[in-house]
file data_28.txt (compact mmCIF, C-alpha atoms)
# COMPACT_ATOMS: atom_id res chain seq x y z
CA MET K 1 85.24 97.17 100.88
CA GLY K 2 88.39 98.70 102.33
CA ARG K 3 89.70 102.17 101.70
CA GLY K 4 90.50 103.14 98.12
CA GLY K 5 88.33 100.37 96.67
CA LEU K 6 90.47 97.50 97.98
CA HIS K 7 88.65 94.32 98.85
CA VAL K 8 89.88 92.50 101.94
CA ASP K 9 89.54 88.76 101.48
CA LYS K 10 90.17 86.75 104.65
CA GLN K 11 91.74 83.48 103.67
CA GLU K 12 94.00 81.05 105.49
CA ARG K 13 97.03 80.87 103.21
CA ILE K 14 98.94 78.53 105.56
CA GLY K 15 97.54 77.21 108.80
CA ARG K 16 100.64 78.30 110.72
CA ARG K 17 100.37 81.88 109.51
CA ASN K 18 96.68 82.74 109.09
CA LEU K 19 97.47 85.77 107.00
CA LEU K 20 94.99 88.20 105.52
CA LYS K 21 95.25 88.29 101.76
CA CYS K 22 95.01 91.74 100.20
CA SER K 23 93.74 91.67 96.68
CA ALA K 24 92.83 94.40 94.19
CA ALA K 25 89.31 94.32 92.84
CA GLY K 26 90.46 94.62 89.26
CA LEU K 27 93.44 95.03 86.97
CA ALA K 28 94.16 98.57 88.17
CA ALA K 29 96.41 100.18 90.40
CA VAL K 30 97.97 98.81 93.40
CA SER K 31 100.72 101.35 92.72
CA ALA K 32 98.38 104.28 93.32
CA LEU K 33 97.33 103.11 96.76
CA SER K 34 99.19 102.86 100.02
CA SER K 35 96.93 101.89 102.90
CA THR K 36 97.25 100.13 106.20
CA ILE K 37 94.84 97.22 106.29
CA ALA K 38 94.37 94.83 109.17
CA GLY K 39 96.79 91.95 108.94
CA CYS K 40 98.58 93.25 105.87
CA GLY K 41 100.49 96.27 107.07
CA LYS K 42 101.39 99.04 104.64
CA MET K 43 101.24 98.05 101.00
CA SER K 44 104.39 98.94 99.11
CA GLU K 45 104.01 101.02 95.97
CA LYS K 46 104.54 98.76 92.97
CA PRO K 47 103.62 98.80 89.29
CA ALA K 48 100.01 97.94 88.57
CA GLY K 49 99.56 94.20 88.56
CA ALA K 50 102.73 93.43 90.50
CA PRO K 51 102.41 90.53 92.98
CA LYS K 52 100.87 91.81 96.19
CA GLN K 53 102.64 91.69 99.53
CA LYS K 54 101.29 88.86 101.63
CA GLY K 55 103.83 88.99 104.44
CA THR K 56 107.34 87.62 104.49
CA PRO K 57 107.56 84.05 105.81
CA SER K 58 110.17 83.26 108.42
CA ALA K 59 113.47 81.93 107.11
CA ASN K 60 112.73 78.36 108.15
CA GLU K 61 109.14 78.24 106.92
CA ARG K 62 108.40 76.17 103.84
CA VAL K 63 106.18 76.90 100.87
CA VAL K 64 103.32 74.40 101.05
CA LEU K 65 102.88 73.05 97.53
CA GLY K 66 100.28 71.16 95.56
CA MET K 67 101.28 69.55 92.26
CA ILE K 68 98.86 69.16 89.34
CA GLY K 69 100.12 66.70 86.74
CA VAL K 70 102.68 64.21 88.04
CA GLY K 71 103.38 62.11 84.96
CA GLY K 72 106.71 62.09 83.13
CA LEU K 73 107.90 65.68 83.58
CA GLY K 74 105.78 66.42 86.63
CA TYR K 75 107.19 63.42 88.47
CA GLY K 76 110.66 62.93 87.02
CA HIS K 77 111.73 66.56 87.09
CA HIS K 78 109.47 68.68 89.27
CA LEU K 79 108.37 66.36 92.08
CA LEU K 80 111.77 64.78 92.60
CA SER K 81 113.41 68.21 92.61
CA MET K 82 110.89 69.65 95.06
CA LEU K 83 111.32 66.72 97.44
CA LYS K 84 115.03 67.58 97.63
CA ASN K 85 114.31 71.24 98.36
CA ASP K 86 114.14 72.15 102.03
CA ARG K 87 112.19 75.31 101.20
CA VAL K 88 109.19 73.28 100.02
CA GLU K 89 106.65 70.94 101.60
CA VAL K 90 104.76 68.88 99.02
CA ALA K 91 101.32 68.48 100.58
CA ALA K 92 99.12 67.21 97.73
CA VAL K 93 99.30 65.79 94.21
CA CYS K 94 96.75 65.50 91.41
CA ASP K 95 96.56 63.52 88.18
CA VAL K 96 93.75 61.99 86.13
CA ASP K 97 95.88 58.84 85.85
CA ARG K 98 95.66 56.92 89.12
CA ASN K 99 99.01 55.24 88.53
CA HIS K 100 100.70 58.63 88.26
CA ARG K 101 99.17 60.11 91.38
CA ASP K 102 99.68 56.96 93.46
CA ARG K 103 103.33 56.78 92.42
CA ALA K 104 103.79 60.43 93.34
CA ALA K 105 102.12 60.04 96.73
CA SER K 106 104.24 56.97 97.43
CA GLU K 107 107.38 58.92 96.55
CA VAL K 108 106.42 61.66 99.00
CA LEU K 109 105.77 59.06 101.70
CA GLU K 110 109.11 57.38 101.06
CA LYS K 111 111.09 60.63 101.07
CA THR K 112 109.29 62.49 103.89
CA GLY K 113 107.37 59.91 105.89
CA LYS K 114 104.16 61.87 105.29
CA ARG K 115 100.97 60.57 103.74
CA ILE K 116 99.47 63.17 101.43
CA ALA K 117 96.21 63.46 99.53
CA ALA K 118 96.21 62.35 95.89
CA TYR K 119 93.39 63.86 93.83
CA GLU K 120 91.89 63.09 90.45
CA ASP K 121 90.17 66.50 90.16
CA PHE K 122 92.43 69.56 90.32
CA ARG K 123 89.59 71.65 91.77
CA HIS K 124 89.75 69.74 95.05
CA LEU K 125 93.45 70.49 95.33
CA VAL K 126 93.05 74.17 94.46
CA ASP K 127 90.28 74.54 97.08
CA ARG K 128 92.62 73.57 99.91
CA LYS K 129 93.29 76.50 102.24
CA ASP K 130 96.62 75.19 103.49
CA LEU K 131 98.40 75.39 100.13
CA ASP K 132 100.56 78.39 99.25
CA ALA K 133 101.33 77.45 95.68
CA VAL K 134 100.68 75.01 92.86
CA LEU K 135 102.95 73.57 90.20
CA ILE K 136 101.21 72.58 86.95
CA ALA K 137 102.83 70.04 84.61
CA THR K 138 99.84 68.67 82.73
CA PRO K 139 99.39 68.23 78.97
CA ASP K 140 99.16 71.60 77.23
CA HIS K 141 95.36 71.72 76.97
CA TRP K 142 95.19 71.46 80.75
CA HIS K 143 97.49 74.40 81.61
CA THR K 144 95.21 77.43 81.57
CA LEU K 145 92.09 76.33 83.45
CA PRO K 146 93.91 75.01 86.56
CA ALA K 147 96.21 78.04 86.50
CA ILE K 148 93.31 80.50 86.45
CA ALA K 149 91.56 78.55 89.22
CA ALA K 150 94.75 78.67 91.29
CA ALA K 151 95.11 82.42 90.72
CA GLU K 152 91.51 82.97 91.81
CA ALA K 153 92.29 81.00 94.97
CA GLY K 154 95.26 83.26 95.70
CA LYS K 155 97.90 80.61 95.10
CA ASP K 156 101.26 81.33 93.52
CA ILE K 157 101.85 79.35 90.34
CA TYR K 158 104.57 77.57 88.40
CA CYS K 159 103.15 76.41 85.07
CA GLU K 160 104.98 74.44 82.44
CA LYS K 161 105.45 75.70 78.91
CA PRO K 162 103.89 76.04 76.42
CA LEU K 163 101.78 78.19 78.66
CA THR K 164 98.50 77.95 76.76
CA LEU K 165 96.61 76.18 73.99
CA THR K 166 95.44 79.42 72.34
CA VAL K 167 96.27 83.13 72.28
CA ASN K 168 93.00 84.05 74.00
CA GLU K 169 93.71 81.59 76.81
CA GLY K 170 96.93 83.48 77.37
CA LYS K 171 95.17 86.83 77.54
CA ALA K 172 92.72 85.44 80.11
CA LEU K 173 95.54 83.95 82.16
CA VAL K 174 97.54 87.19 82.22
CA ALA K 175 94.42 89.07 83.34
CA ALA K 176 93.75 86.59 86.16
CA VAL K 177 97.32 86.64 87.45
CA ARG K 178 97.37 90.44 87.46
CA ARG K 179 93.94 90.70 89.06
CA TYR K 180 94.70 88.37 91.96
CA GLY K 181 98.31 89.46 92.41
CA VAL K 182 99.92 86.03 92.51
CA VAL K 183 103.51 85.19 91.66
CA PHE K 184 103.80 83.29 88.37
CA GLN K 185 106.69 81.42 86.79
CA THR K 186 106.49 79.99 83.26
CA GLY K 187 108.55 76.82 82.91
CA SER K 188 110.82 78.20 80.19
CA GLN K 189 113.91 77.36 82.19
CA GLN K 190 116.43 78.46 79.56
CA ARG K 191 116.07 81.97 81.03
CA SER K 192 117.77 80.61 84.14
CA ASP K 193 120.69 79.20 82.14
CA ASN K 194 123.95 81.18 82.14
CA ALA K 195 124.76 80.54 78.48
CA PHE K 196 121.36 81.66 77.19
CA ARG K 197 121.39 84.75 79.39
CA LYS K 198 124.90 85.73 78.30
CA ALA K 199 124.03 85.27 74.63
CA CYS K 200 121.10 87.64 75.06
CA GLU K 201 123.24 90.11 76.99
CA LEU K 202 125.85 90.11 74.24
CA VAL K 203 123.22 90.69 71.57
CA ARG K 204 121.58 93.47 73.58
CA SER K 205 125.03 95.03 74.15
CA GLY K 206 125.68 95.29 70.41
CA ALA K 207 128.50 92.74 70.42
CA ILE K 208 127.51 91.60 66.91
CA GLY K 209 126.40 95.02 65.74
CA ARG K 210 122.80 95.66 64.80
CA LEU K 211 120.71 92.53 65.22
CA LYS K 212 119.35 91.51 61.82
CA ARG K 213 118.19 87.91 62.03
CA ILE K 214 117.37 85.22 64.58
CA ASP K 215 117.14 81.51 63.74
CA THR K 216 115.49 79.16 66.22
CA VAL K 217 116.21 75.53 65.33
CA LEU K 218 113.92 72.95 66.92
CA HIS K 219 114.01 69.18 67.05
CA PRO K 220 112.09 67.48 64.23
CA VAL K 221 108.77 65.84 65.04
CA ARG K 222 109.02 62.34 66.48
CA LYS K 223 106.36 60.63 64.43
CA GLY K 224 104.71 57.80 66.33
CA ASP K 225 103.04 54.69 65.03
CA TRP K 226 99.33 54.71 64.35
CA GLN K 227 97.34 52.72 66.89
CA PRO K 228 93.70 51.64 66.72
CA VAL K 229 91.15 52.93 69.19
CA GLY K 230 90.57 50.89 72.28
CA THR K 231 89.24 50.89 75.81
CA PRO K 232 90.86 53.35 78.22
CA PRO K 233 92.83 51.61 80.97
CA PRO K 234 90.95 51.56 84.30
CA GLU K 235 93.48 53.87 85.96
CA LEU K 236 92.86 56.71 83.45
CA ASN K 237 89.84 59.01 83.55
CA TRP K 238 89.72 59.46 79.79
CA ASN K 239 86.85 61.95 79.70
CA PHE K 240 88.60 64.15 82.27
CA TRP K 241 91.89 63.86 80.38
CA LEU K 242 90.14 65.17 77.24
CA GLY K 243 88.72 68.08 79.22
CA GLN K 244 87.77 71.02 77.00
CA THR K 245 88.66 69.19 73.76
CA PRO K 246 86.24 67.26 71.51
CA TYR K 247 85.36 63.77 72.67
CA VAL K 248 87.14 61.01 70.75
CA ASP K 249 87.66 57.35 71.47
CA TYR K 250 90.76 56.43 73.41
CA SER K 251 93.98 55.47 71.65
CA PRO K 252 97.27 54.86 73.49
CA ASN K 253 99.27 57.23 71.31
CA ARG K 254 97.04 60.20 72.11
CA VAL K 255 98.05 60.36 75.75
CA HIS K 256 101.12 61.02 77.86
CA TYR K 257 104.11 62.12 75.76
CA GLN K 258 102.35 61.57 72.41
CA PHE K 259 99.66 64.21 73.04
CA ARG K 260 102.06 66.78 71.52
CA TRP K 261 101.31 65.65 67.97
CA PHE K 262 97.56 66.36 68.11
CA TYR K 263 96.38 69.90 67.48
CA ASP K 264 93.44 69.47 69.86
CA TYR K 265 95.86 69.12 72.77
CA SER K 266 99.01 70.96 71.71
CA GLY K 267 100.76 72.77 68.89
CA GLY K 268 103.35 70.15 67.99
CA VAL K 269 107.06 70.87 68.04
CA MET K 270 106.29 74.52 67.32
CA THR K 271 104.86 75.01 70.81
CA ASP K 272 106.90 72.26 72.47
CA TRP K 273 110.43 73.42 71.56
CA GLY K 274 109.40 76.73 70.02
CA ALA K 275 108.16 77.94 73.40
CA HIS K 276 111.76 77.55 74.62
CA HIS K 277 113.79 78.95 71.74
CA ASN K 278 111.38 81.65 70.58
CA ASP K 279 111.34 82.81 74.19
CA ILE K 280 115.09 83.37 73.98
CA ALA K 281 114.60 85.20 70.68
CA GLN K 282 112.15 87.53 72.42
CA TRP K 283 114.58 88.13 75.29
CA ALA K 284 117.51 89.02 73.05
CA ASN K 285 115.33 91.20 70.82
CA GLY K 286 113.97 93.18 73.76
CA THR K 287 110.37 92.37 72.86
CA ASP K 288 109.13 90.53 75.97
CA GLY K 289 105.95 92.61 76.07
CA SER K 290 105.33 92.59 72.34
CA GLY K 291 105.92 90.35 69.35
CA PRO K 292 106.31 90.19 65.58
CA VAL K 293 104.08 92.09 63.16
CA TRP K 294 104.02 89.55 60.31
CA VAL K 295 104.23 85.79 59.94
CA ASP K 296 104.56 83.50 56.91
CA GLY K 297 103.94 79.82 57.57
CA THR K 298 103.57 78.68 53.96
CA ARG K 299 106.73 76.53 54.11
CA ALA K 300 105.19 73.69 56.11
CA ALA K 301 104.50 69.98 55.63
CA PHE K 302 101.75 68.05 57.42
CA ALA K 303 101.50 64.28 57.76
CA GLU K 304 99.89 62.73 54.68
CA SER K 305 98.36 59.89 56.67
CA GLY K 306 97.89 58.71 60.23
CA MET K 307 96.46 60.41 63.27
CA HIS K 308 98.87 63.31 63.81
CA THR K 309 97.44 66.74 63.03
CA VAL K 310 100.33 69.15 63.64
CA PRO K 311 102.98 70.29 61.12
CA MET K 312 105.78 67.75 60.80
CA ASN K 313 108.40 70.06 59.23
CA PHE K 314 108.46 73.80 58.66
CA ASP K 315 110.41 77.00 58.15
CA VAL K 316 108.27 79.82 59.53
CA HIS K 317 109.30 83.42 58.88
CA TYR K 318 108.41 86.33 61.18
CA LYS K 319 109.17 90.04 60.94
CA TYR K 320 109.42 92.47 63.86
CA GLU K 321 108.69 96.18 63.72
CA ASN K 322 112.37 96.90 64.48
CA GLY K 323 113.38 95.14 61.25
CA VAL K 324 114.59 91.89 62.80
CA ASP K 325 113.70 88.69 60.94
CA LEU K 326 112.96 85.55 62.96
CA TRP K 327 113.06 82.15 61.28
CA CYS K 328 111.80 79.08 63.14
CA HIS K 329 112.93 75.72 61.70
CA THR K 330 112.50 72.02 62.42
CA ASN K 331 115.74 70.88 60.78
CA ASP K 332 119.46 71.62 61.06
CA GLN K 333 120.52 74.75 59.19
CA THR K 334 123.57 75.33 56.96
CA TYR K 335 124.46 78.96 56.32
CA GLU K 336 126.28 80.82 53.53
CA ASP K 337 129.50 80.96 55.54
CA GLY K 338 129.52 77.17 55.82
CA THR K 339 128.50 77.00 59.46
CA LYS K 340 125.92 74.38 60.40
CA PHE K 341 123.82 74.37 63.54
CA GLY K 342 121.18 72.11 65.01
CA ASN K 343 118.90 72.64 67.98
CA GLY K 344 119.52 76.07 69.47
CA VAL K 345 119.32 79.79 68.70
CA LYS K 346 121.52 81.74 66.29
CA PHE K 347 121.70 85.54 66.31
CA THR K 348 123.09 87.25 63.23
CA GLY K 349 124.08 90.91 63.34
CA SER K 350 125.79 93.42 61.09
CA ASN K 351 129.18 92.44 62.61
CA GLY K 352 128.95 88.69 63.23
CA TRP K 353 126.90 85.96 64.85
CA ILE K 354 126.34 84.18 68.18
CA PHE K 355 124.94 80.67 68.65
CA VAL K 356 123.65 79.26 71.94
CA ALA K 357 122.26 75.83 72.83
CA ARG K 358 121.74 73.61 75.83
CA GLY K 359 124.71 72.02 77.52
CA SER K 360 126.31 75.47 78.07
CA ARG K 361 127.14 75.70 74.38
CA LEU K 362 127.98 79.29 73.41
CA GLU K 363 129.81 80.06 70.15
CA ALA K 364 130.50 83.19 68.13
CA SER K 365 132.00 84.27 64.83
CA ASP K 366 134.57 86.09 66.99
CA PRO K 367 135.60 83.53 69.66
CA ASP K 368 136.74 86.31 72.00
CA LEU K 369 133.12 87.36 72.45
CA VAL K 370 132.36 84.19 74.39
CA ASP K 371 134.60 85.30 77.28
CA SER K 372 133.83 89.02 77.06
CA ASP K 373 131.81 90.94 79.64
CA PRO K 374 128.55 92.31 78.16
CA GLN K 375 127.64 95.88 79.02
CA VAL K 376 123.93 95.08 79.27
CA LYS K 377 123.00 92.94 82.27
CA LEU K 378 119.71 91.06 82.23
CA TYR K 379 117.64 89.51 85.02
CA LYS K 380 119.85 86.82 86.55
CA SER K 381 118.47 83.56 87.87
CA LYS K 382 120.65 80.59 88.72
CA ASN K 383 117.80 78.11 89.07
CA HIS K 384 114.24 78.31 87.75
CA HIS K 385 112.58 76.68 90.77
CA GLU K 386 114.64 78.76 93.21
CA ASN K 387 113.77 81.98 91.38
CA TRP K 388 110.09 81.14 91.79
CA LEU K 389 110.52 80.38 95.49
CA ASP K 390 112.51 83.58 95.99
CA CYS K 391 109.73 85.58 94.34
CA ILE K 392 107.07 83.89 96.46
CA LYS K 393 108.95 85.28 99.45
CA ASN K 394 109.80 88.77 98.16
CA ARG K 395 106.66 89.22 95.99
CA GLN K 396 108.64 90.31 92.94
CA ARG K 397 108.02 89.08 89.41
CA CYS K 398 109.77 85.93 88.24
CA ILE K 399 112.31 85.80 85.44
CA CYS K 400 109.66 84.26 83.16
CA ASP K 401 106.52 85.99 84.37
CA VAL K 402 103.10 85.15 82.96
CA GLU K 403 103.09 87.80 80.24
CA ILE K 404 106.56 86.79 79.07
CA GLY K 405 105.38 83.19 78.76
CA HIS K 406 102.20 84.29 77.02
CA ARG K 407 103.98 86.49 74.50
CA SER K 408 106.57 83.82 73.69
CA VAL K 409 104.01 81.10 73.02
CA THR K 410 101.89 83.58 71.04
CA ILE K 411 104.68 83.57 68.46
CA CYS K 412 104.22 79.81 68.20
CA HIS K 413 100.42 80.03 68.05
CA ILE K 414 100.34 82.57 65.23
CA GLY K 415 102.92 80.51 63.36
CA ASN K 416 100.68 77.46 63.65
CA ILE K 417 97.67 79.46 62.49
CA SER K 418 99.58 80.71 59.45
CA MET K 419 100.69 77.15 58.63
CA ARG K 420 97.14 75.81 58.94
CA LEU K 421 95.69 78.56 56.76
CA GLY K 422 98.55 78.34 54.28
CA ARG K 423 99.04 82.09 53.97
CA ALA K 424 101.05 84.96 55.42
CA LEU K 425 99.34 87.09 58.06
CA LYS K 426 99.75 90.54 59.58
CA TRP K 427 99.78 90.57 63.38
CA ASP K 428 99.12 93.48 65.74
CA PRO K 429 100.98 92.73 69.00
CA VAL K 430 99.19 95.60 70.78
CA SER K 431 95.62 94.43 70.18
CA GLU K 432 96.77 90.80 69.87
CA GLN K 433 94.68 90.38 66.73
CA PHE K 434 95.40 89.60 63.10
CA VAL K 435 94.96 92.58 60.81
CA GLY K 436 92.19 92.24 58.24
CA ASP K 437 91.72 88.47 58.52
CA GLU K 438 88.62 87.34 60.41
CA ALA K 439 89.23 83.67 59.64
CA ALA K 440 92.61 83.88 61.34
CA ASN K 441 91.17 85.80 64.29
CA ARG K 442 88.59 83.07 64.86
CA MET K 443 91.50 80.69 65.42
CA LEU K 444 92.80 82.73 68.38
CA SER K 445 90.37 80.73 70.52
CA ARG K 446 88.68 77.35 70.26
CA PRO K 447 85.31 75.98 71.29
CA MET K 448 85.48 74.39 74.73
CA ARG K 449 83.51 71.25 75.51
CA ALA K 450 81.07 71.66 78.40
CA PRO K 451 81.33 72.04 81.30
CA TRP K 452 84.71 73.69 80.77
CA HIS K 453 84.96 77.38 79.94
CA LEU K 454 87.16 80.39 80.59
call {"tool": "encode", "arguments": {"input": "data_28.txt", "output": "structure tokens"}}
result
Amino acid sequence: MGRGGLHVDKQERIGRRNLLKCSAAGLAAVSALSSTIAGCGKMSEKPAGAPKQKGTPSANERVVLGMIGVGGLGYGHHLLSMLKNDRVEVAAVCDVDRNHRDRAASEVLEKTGKRIAAYEDFRHLVDRKDLDAVLIATPDHWHTLPAIAAAEAGKDIYCEKPLTLTVNEGKALVAAVRRYGVVFQTGSQQRSDNAFRKACELVRSGAIGRLKRIDTVLHPVRKGDWQPVGTPPPELNWNFWLGQTPYVDYSPNRVHYQFRWFYDYSGGVMTDWGAHHNDIAQWANGTDGSGPVWVDGTRAAFAESGMHTVPMNFDVHYKYENGVDLWCHTNDQTYEDGTKFGNGVKFTGSNGWIFVARGSRLEASDPDLVDSDPQVKLYKSKNHHENWLDCIKNRQRCICDVEIGHRSVTICHIGNISMRLGRALKWDPVSEQFVGDEAANRMLSRPMRAPWHL
């Protein structure tokens, strides 16, 4: 043990640097300590749980990256982007589908001339001492366990949204990230979009008066065709893909993109698109570290037949302690003033409204607001990957830090729980428990199939 209760863990972060990693023994108080420890220099005073200083890499030194999940999004967006980034060296990939990992490794070879390891088991990748960071783009039920393992190994993390499968997974993930002092970026990239940031700045500046209501409009569920069970293809480790979830026979429409419509693996469109738009609602409302206090999911429709087990259509109503109402919808909305909006976020205040959507779409009841300069300025990021890489270097928190991602998807989780129970629920965002409803509280976690556990 070092001075002040700090544990000094000698670990080769990158072979070229051989740094000593300083890590707090628990969730407490890096901010209260300022010690000189061999290999680490003087620790800067930061808020408890802030990413710990590990030494600033030289300007031309790359972040050595391992990628877990290199299917559609992991390959098509993340891997291809990282291979174009001269700040990154992709050194390993992992996927339970051999076709995915072989394609990814071949892409790295083609673009860089380097042969890299391609793993089936994420634990082998996380155990590598030469990796600085991991990027996780797996199905939702495989976000938390690899992320916690990476945090325990001292690796900085980019994890796709929705961050977790359950509320209690999120609490465990936040605790791990804070304990091990790693940099964490949630893949809610709308925070790095100018239009979404400006909309939130305008709302926070009072441009539409007192905020009264937020509408988040999601895409409707893409219902797939039912398919009979069959034999898993030889390239897919089906048991590993299922992971913590109950064992079921393989069916093609359970895997890859279609996993979203099964409650065992995801939360449907509520967590898929809701993790994006409800995150923006949180940002504009100034409730990143909190959440609503009431949810009513009784306006929901589930599939009457077939395999899908998530709500197909819904209008979920939330209330915040500050009086703001949040409505989360799956269909286009027409309002009393005749305006109609689809996918995006609408903020209604005492003096007007603002609507924001992808494609740099920013509209307002007063068109002059769109070009006005908000008084309140929020965290500015021009690119979600670059913000993460910047924070790996400067050891600051990312624009969508782990608790922000956890709190935003918690809104989605409690909405799903209310829809499944068919009743309104009171929520305590401080204790992160439902008030007076043990049945609902039991749904904050799920049984995990052995050998997987938190």
call {"tool": "atom_distance", "arguments": {"input": "data_28.txt", "atom1": "CA of Phe314 in chain K", "atom2": "CA of Thr186 in chain K"}}
result
25.4 Å
call {"tool": "atom_distance", "arguments": {"input": "data_28.txt", "atom1": "CA of Leu83 in chain K", "atom2": "CA of Val70 in chain K"}}
result
13.0 Å
call {"tool": "closest_residue", "arguments": {"input": "data_28.txt", "among": "K:Tyr265, K:Tyr320, K:Trp353, K:Trp142", "to": "Gly209 in chain K", "atoms": "only C-alpha atoms"}}
result
K:Trp353
call {"tool": "atom_distance", "arguments": {"input": "data_28.txt", "atom1": "CA of Ser431 in chain K", "atom2": "CA of Phe196 in chain K"}}
result
29.6 Å
call {"tool": "axis_aligned_box", "arguments": {"input": "data_28.txt", "around": "range 425-442 of chain K", "padding_each_side": "6 Å", "output": "lines of an AutoDock Vina configuration file"}}
result
center_x = 94.8
center_y = 89.3
center_z = 64.4
size_x = 24.4
size_y = 24.5
size_z = 24.7
call {"tool": "closest_atom_pairs", "arguments": {"input": "data_28.txt", "of": "range 197-278 of chain K", "to": "range 321-339 of chain K", "cutoff": "6 Å", "atoms": "only C-alpha atoms", "output": "CSV"}}
result
residue,atom,partner,partner_atom,distance
K:Lys212,CA,K:Val324,CA,4.9
K:Arg213,CA,K:Asp325,CA,4.7
K:Ile214,CA,K:Leu326,CA,4.7
K:Asp215,CA,K:Trp327,CA,4.8
K:Thr216,CA,K:Cys328,CA,4.8
K:Val217,CA,K:His329,CA,4.9
K:Leu218,CA,K:Thr330,CA,4.8
K:His219,CA,K:Thr330,CA,5.6
K:Pro220,CA,K:Thr330,CA,4.9
call {"tool": "residues_around", "arguments": {"input": "data_28.txt", "residues": "Ser205 in chain K", "least_positions_apart": "3", "cutoff": "8 Å", "atoms": "only C-alpha atoms", "output": "PDB file with C-alpha atoms, keeping the file's coordinate frame"}}
result
ATOM      1  CA  GLU K 201     123.240  90.110  76.990  1.00  0.00           C
ATOM      2  CA  LEU K 202     125.850  90.110  74.240  1.00  0.00           C
ATOM      3  CA  PRO K 374     128.550  92.310  78.160  1.00  0.00           C
ATOM      4  CA  GLN K 375     127.640  95.880  79.020  1.00  0.00           C
ATOM      5  CA  VAL K 376     123.930  95.080  79.270  1.00  0.00           C
TER       6      VAL K 376
END
call {"tool": "closest_residue", "arguments": {"input": "data_28.txt", "among": "K:Ala440, K:Val108, K:Val96, K:Cys398", "to": "Lys84 in chain K", "atoms": "all atoms listed in the file"}}
result
K:Val108
